[in-house]
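Source file: protein26.csv; contents: CSV, C-alpha atoms.
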```csv
chain,number,residue,atom,x,y,z
R,1,ALA,CA,73.9,-112.3,219.3
R,2,GLN,CA,74.5,-116.0,218.8
R,3,SER,CA,76.8,-118.5,220.5
R,4,VAL,CA,77.2,-122.3,220.5
R,5,THR,CA,78.7,-124.5,223.1
R,6,GLN,CA,79.8,-128.1,222.7
R,7,LEU,CA,79.9,-129.5,226.1
R,8,ASP,CA,82.4,-132.2,225.6
R,9,SER,CA,85.7,-131.8,223.9
R,10,HIS,CA,86.2,-135.6,223.7
R,11,VAL,CA,83.8,-138.5,223.8
R,12,SER,CA,84.8,-142.1,223.7
R,13,VAL,CA,82.4,-145.0,223.2
R,14,SER,CA,82.6,-148.6,222.4
R,15,GLU,CA,81.7,-149.9,218.9
R,16,GLY,CA,78.0,-150.8,218.8
R,17,THR,CA,77.0,-148.5,221.7
R,18,PRO,CA,75.0,-145.3,221.4
R,19,VAL,CA,76.6,-141.9,220.7
R,20,LEU,CA,75.6,-138.6,222.2
R,21,LEU,CA,77.3,-135.4,221.3
R,22,ARG,CA,75.9,-132.4,223.2
R,23,CYS,CA,75.4,-128.9,221.8
R,24,ASN,CA,73.7,-125.9,223.3
R,25,TYR,CA,73.1,-122.7,221.6
R,26,SER,CA,72.1,-119.1,222.3
R,27,SER,CA,70.3,-117.0,219.8
R,28,SER,CA,68.1,-113.9,219.9
R,29,TYR,CA,66.0,-115.4,217.1
R,30,SER,CA,65.1,-118.8,215.7
R,31,PRO,CA,68.4,-120.1,214.3
R,32,SER,CA,69.4,-122.6,211.8
R,33,LEU,CA,71.5,-125.4,213.3
R,34,PHE,CA,73.9,-127.8,211.6
R,35,TRP,CA,76.2,-130.7,212.5
R,36,TYR,CA,79.3,-131.2,210.5
R,37,VAL,CA,81.9,-134.0,210.6
R,38,GLN,CA,85.5,-133.7,209.9
R,39,HIS,CA,87.8,-136.6,209.4
R,40,PRO,CA,91.6,-136.1,209.9
R,41,ASN,CA,93.0,-133.7,207.4
R,42,LYS,CA,89.7,-133.5,205.5
R,43,GLY,CA,87.2,-130.8,204.9
R,44,LEU,CA,83.8,-130.6,206.5
R,45,GLN,CA,80.9,-132.8,205.6
R,46,LEU,CA,77.3,-131.8,206.5
R,47,LEU,CA,75.6,-134.5,208.6
R,48,LEU,CA,72.3,-132.8,209.1
R,49,LYS,CA,70.6,-129.4,209.5
R,50,TYR,CA,67.6,-127.9,211.3
R,51,THR,CA,65.9,-125.0,209.6
R,52,SER,CA,62.6,-124.6,211.5
R,53,ALA,CA,60.8,-127.6,210.0
R,54,ALA,CA,60.6,-130.9,211.9
R,55,THR,CA,62.4,-130.8,215.3
R,56,LEU,CA,63.8,-134.3,214.9
R,57,VAL,CA,66.2,-134.2,212.0
R,58,LYS,CA,67.7,-137.3,210.4
R,59,GLY,CA,71.0,-137.1,208.7
R,60,ILE,CA,73.5,-139.3,206.9
R,61,ASN,CA,75.2,-142.4,208.3
R,62,GLY,CA,72.5,-143.0,210.9
R,63,PHE,CA,72.9,-139.8,212.8
R,64,GLU,CA,70.0,-137.7,214.0
R,65,ALA,CA,69.5,-134.6,216.2
R,66,GLU,CA,66.6,-133.1,218.0
R,67,PHE,CA,66.0,-129.4,218.3
R,68,LYS,CA,64.7,-128.6,221.8
R,69,LYS,CA,63.9,-124.9,222.0
R,70,SER,CA,63.0,-125.1,225.7
R,71,GLU,CA,66.5,-126.5,226.5
R,72,THR,CA,68.2,-124.5,223.7
R,73,SER,CA,69.9,-127.8,222.7
R,74,PHE,CA,70.6,-129.6,219.5
R,75,HIS,CA,72.3,-132.8,220.6
R,76,LEU,CA,73.6,-135.3,218.0
R,77,THR,CA,72.9,-139.0,218.5
R,78,LYS,CA,73.4,-142.3,216.8
R,79,PRO,CA,72.0,-145.6,218.1
R,80,SER,CA,75.1,-147.7,217.4
R,81,ALA,CA,78.6,-146.4,216.9
R,82,HIS,CA,80.8,-147.7,214.1
R,83,MET,CA,84.6,-147.5,213.9
R,84,SER,CA,84.3,-145.2,210.8
R,85,ASP,CA,82.5,-142.6,213.0
R,86,ALA,CA,85.7,-141.6,214.7
R,87,ALA,CA,86.2,-138.0,213.7
R,88,GLU,CA,85.7,-134.4,214.9
R,89,TYR,CA,82.2,-133.1,215.0
R,90,PHE,CA,81.2,-129.4,214.9
R,91,CYS,CA,77.9,-127.9,215.9
R,92,VAL,CA,77.1,-124.8,214.0
R,93,VAL,CA,74.5,-122.0,214.4
R,94,SER,CA,73.5,-119.5,211.9
R,95,PRO,CA,70.6,-117.0,211.4
R,96,PRO,CA,67.4,-118.3,209.8
R,97,ARG,CA,67.4,-118.0,206.0
R,98,TYR,CA,71.1,-118.4,206.0
R,99,SER,CA,72.5,-115.3,204.5
R,100,SER,CA,76.1,-114.9,205.3
R,101,ALA,CA,78.7,-117.2,206.7
R,102,SER,CA,80.2,-114.3,208.7
R,103,LYS,CA,77.3,-114.9,211.0
R,104,ILE,CA,77.9,-118.6,211.2
R,105,ILE,CA,79.2,-119.6,214.6
R,106,PHE,CA,81.2,-122.8,215.0
R,107,GLY,CA,81.3,-124.8,218.2
R,108,SER,CA,84.7,-125.7,219.6
R,109,GLY,CA,84.3,-129.3,218.3
R,110,THR,CA,84.0,-132.7,219.9
R,111,ARG,CA,86.4,-135.5,219.1
R,112,LEU,CA,84.6,-138.8,218.9
R,113,SER,CA,86.7,-141.9,219.6
R,114,ILE,CA,85.4,-145.4,219.1
R,115,ARG,CA,86.8,-148.3,221.1
R,116,PRO,CA,86.8,-151.8,219.4
Y,117,GLY,CA,74.8,-132.1,195.0
Y,118,ALA,CA,77.1,-129.1,195.3
Y,119,VAL,CA,80.8,-129.7,195.2
Y,120,VAL,CA,83.6,-127.4,196.3
Y,121,SER,CA,87.1,-128.4,195.3
Y,122,GLN,CA,90.2,-127.0,197.0
Y,123,HIS,CA,93.7,-127.3,195.6
Y,124,PRO,CA,96.2,-128.2,196.6
Y,125,SER,CA,95.3,-130.5,199.5
Y,126,TRP,CA,98.7,-130.1,201.0
Y,127,VAL,CA,101.7,-128.0,200.4
Y,128,ILE,CA,105.1,-127.5,201.9
Y,129,CYS,CA,107.0,-124.2,201.2
Y,130,LYS,CA,110.1,-122.4,202.4
Y,131,SER,CA,109.9,-119.4,204.6
Y,132,GLY,CA,109.6,-116.2,202.6
Y,133,THR,CA,107.9,-117.7,199.6
Y,134,SER,CA,104.2,-117.2,198.7
Y,135,VAL,CA,101.6,-120.0,198.3
Y,136,LYS,CA,98.4,-119.8,196.4
Y,137,ILE,CA,95.4,-121.9,197.3
Y,138,GLU,CA,92.4,-122.3,195.0
Y,139,CYS,CA,88.8,-122.9,195.9
Y,140,ARG,CA,86.4,-123.8,193.1
Y,141,SER,CA,82.6,-124.4,193.1
Y,142,LEU,CA,82.3,-127.2,190.5
Y,143,ASP,CA,78.6,-127.4,189.8
Y,144,PHE,CA,77.2,-124.1,191.0
Y,145,GLN,CA,77.9,-120.4,190.9
Y,146,ALA,CA,79.0,-118.9,194.2
Y,147,THR,CA,78.8,-115.2,194.6
Y,148,THR,CA,80.3,-115.5,198.0
Y,149,MET,CA,83.1,-117.7,199.2
Y,150,PHE,CA,84.7,-117.9,202.6
Y,151,TRP,CA,88.1,-118.7,203.9
Y,152,TYR,CA,88.8,-120.3,207.3
Y,153,ARG,CA,91.8,-121.2,209.2
Y,154,GLN,CA,92.0,-124.1,211.6
Y,155,PHE,CA,94.7,-124.6,214.2
Y,156,PRO,CA,95.4,-128.1,215.5
Y,157,LYS,CA,92.5,-129.5,217.6
Y,158,GLN,CA,90.6,-126.2,217.4
Y,159,SER,CA,87.6,-125.0,215.6
Y,160,LEU,CA,87.4,-123.0,212.4
Y,161,MET,CA,88.1,-119.3,212.4
Y,162,LEU,CA,86.7,-117.2,209.7
Y,163,MET,CA,89.4,-115.2,208.0
Y,164,ALA,CA,87.6,-113.4,205.3
Y,165,THR,CA,84.5,-113.2,203.1
Y,166,SER,CA,85.2,-113.1,199.3
Y,167,ASN,CA,82.6,-111.6,196.9
Y,168,GLU,CA,83.0,-112.0,193.2
Y,169,GLY,CA,84.2,-108.8,191.6
Y,170,SER,CA,84.9,-106.9,194.8
Y,171,LYS,CA,87.4,-106.7,197.6
Y,172,ALA,CA,87.3,-109.3,200.3
Y,173,THR,CA,86.1,-108.4,203.7
Y,174,TYR,CA,88.6,-109.5,206.4
Y,175,GLU,CA,87.8,-110.4,210.0
Y,176,GLN,CA,89.4,-108.4,212.7
Y,177,GLY,CA,93.0,-109.4,213.3
Y,178,VAL,CA,93.6,-110.9,209.9
Y,179,GLU,CA,96.3,-109.2,207.8
Y,180,LYS,CA,94.9,-108.4,204.4
Y,181,ASP,CA,98.3,-107.8,203.0
Y,182,LYS,CA,99.5,-111.2,204.1
Y,183,PHE,CA,96.5,-113.2,203.1
Y,184,LEU,CA,95.5,-111.9,199.6
Y,185,ILE,CA,92.1,-113.0,198.4
Y,186,ASN,CA,90.9,-112.8,194.8
Y,187,HIS,CA,87.5,-113.8,193.6
Y,188,ALA,CA,87.7,-113.2,189.9
Y,189,SER,CA,84.8,-115.4,188.8
Y,190,LEU,CA,81.7,-117.0,190.2
Y,191,THR,CA,83.4,-120.3,190.5
Y,192,LEU,CA,86.9,-119.5,191.7
Y,193,SER,CA,88.4,-117.8,194.7
Y,194,THR,CA,92.1,-117.8,195.6
Y,195,LEU,CA,93.9,-117.3,198.8
Y,196,THR,CA,97.6,-116.3,198.6
Y,197,VAL,CA,99.7,-116.5,201.7
Y,198,THR,CA,102.5,-114.0,201.0
Y,199,SER,CA,106.0,-114.2,202.5
Y,200,ALA,CA,105.0,-117.3,204.5
Y,201,HIS,CA,106.5,-118.0,207.9
Y,202,PRO,CA,106.3,-121.1,210.1
Y,203,GLU,CA,103.5,-119.5,212.2
Y,204,ASP,CA,101.4,-119.5,209.0
Y,205,SER,CA,101.4,-123.3,209.0
Y,206,SER,CA,97.8,-124.3,209.4
Y,207,PHE,CA,94.9,-126.0,207.8
Y,208,TYR,CA,93.0,-123.7,205.5
Y,209,ILE,CA,89.4,-124.4,204.4
Y,210,CYS,CA,87.2,-122.6,202.0
Y,211,SER,CA,83.5,-122.7,201.6
Y,212,ALA,CA,81.1,-121.5,198.9
Y,213,GLU,CA,77.6,-120.3,199.4
Y,214,LYS,CA,74.9,-121.6,197.1
Y,215,GLU,CA,71.9,-119.4,196.5
Y,216,ASN,CA,71.9,-117.9,200.0
Y,217,THR,CA,71.0,-121.3,201.4
Y,218,GLU,CA,73.9,-123.3,202.6
Y,219,ALA,CA,77.7,-123.3,202.6
Y,220,PHE,CA,79.6,-126.2,201.1
Y,221,PHE,CA,83.1,-126.8,202.2
Y,222,GLY,CA,86.3,-127.7,200.4
Y,223,GLN,CA,88.4,-130.5,201.6
Y,224,GLY,CA,91.0,-128.2,203.0
Y,225,THR,CA,94.7,-127.4,202.4
Y,226,ARG,CA,97.4,-128.4,204.9
Y,227,LEU,CA,100.1,-125.7,204.7
Y,228,THR,CA,103.5,-126.4,206.2
Y,229,VAL,CA,106.1,-123.6,206.1
Y,230,VAL,CA,109.7,-124.7,206.8
```

Whole structure given in structure tokens:
Amino acid sequence: AQSVTQLDSHVSVSEGTPVLLRCNYSSSYSPSLFWYVQHPNKGLQLLLKYTSAATLVKGINGFEAEFKKSETSFHLTKPSAHMSDAAEYFCVVSPPRYSSASKIIFGSGTRLSIRP
Amino acid sequence: GAVVSQHPSWVICKSGTSVKIECRSLDFQATTMFWYRQFPKQSLMLMATSNEGSKATYEQGVEKDKFLINHASLTLSTLTVTSAHPEDSSFYICSAEKENTEAFFGQGTRLTVV
């Protein structure tokens, strides 16, 4: 069985400050983990993914995430927030060698707001 | 890259009418496509899995007679909301699976039933 928990429903940071969006997962096997971003009334865009290679994963737009098996976490970070980062972020877990989206589990989402 | 196009991006319809939403994989063949529904400020809920040439598999609680899914080719799946009612108003998103590796998402369709 798999589950994913996004610990914060809303995060607000000032422009230029670091961003931390937290995600914890539960899986009976080594999962694949993803972060997606969704801007208002838009589809989902893949930010980055972990598929059992390097534990520190770099994605687009300066985001990165670190897979920590001991903590069952996959937190998303960015050193310096930009106004355009304001969006909804979803942490997603799926089985290794992704085979069917019916086994994909979406987190509840974290809304990121950026203060000028 | 892999591109999934969803059309229309938004639609308004009257209660009782039907609405068709298209999901196309533009530069790859997708044997499997997926349809999600997203309520305001909530996460995505998988509605059904669509396989080319066969009947869709619906998740528990999703009415298959209300949400008709057709996957007639390797690049096109359609979702038809039949006899739409205001409670069907939602954001619908499709995704297409590329070579059993990763899902690519459409831009979504905002449906408003008045």

Residue hits in chain R, query chain Y, radius 12 Å, all atoms listed in the file, as an MDAnalysis selection string: chainID R and resid 4:6 9:10 32:34 36:51 87:111

Residue neighbourhood R:Arg115, 10 Å, all atoms listed in the file, exclusion window fewer than 4 positions, as a list in words: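 Here the answer would be Ser12, Val13, Ser14, Glu15, Gly16, Thr17, Ala81, His82, Met83 and Ala86 of chain R.
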
Exercise: R:Ser27 partners within 7 Å, all atoms listed in the file, chain neighbours under 3 positions left out, as JSON, numbers by chain: {"R": [1, 2, 3, 30, 31]}

Shell around stretch 69-74 of chain R at 6 Å using only C-alpha atoms, local window under 2 positions removed, as a ChimeraX atom specification: /R:23-25,66-67

Long-range neighbours of Y:Asp143 as a list of chain:residue names, 9 Å cut-off, all atoms listed in the file, 6 positions minimum in chain: Y:Gly117, Y:Ala118, Y:Val119, Y:Val120, Y:Thr191

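Shortest atom-to-atom contact with R:Arg22 among R:Ala65, R:Ala53, R:Ser113, R:Asp85: R:Ala65, counting all atoms listed in the file.
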
Residue nearest Y:Asn167 among Y:Thr228, Y:Thr194, Y:Ser199, Y:Ser205 (counting all atoms listed in the file): Y:Thr194
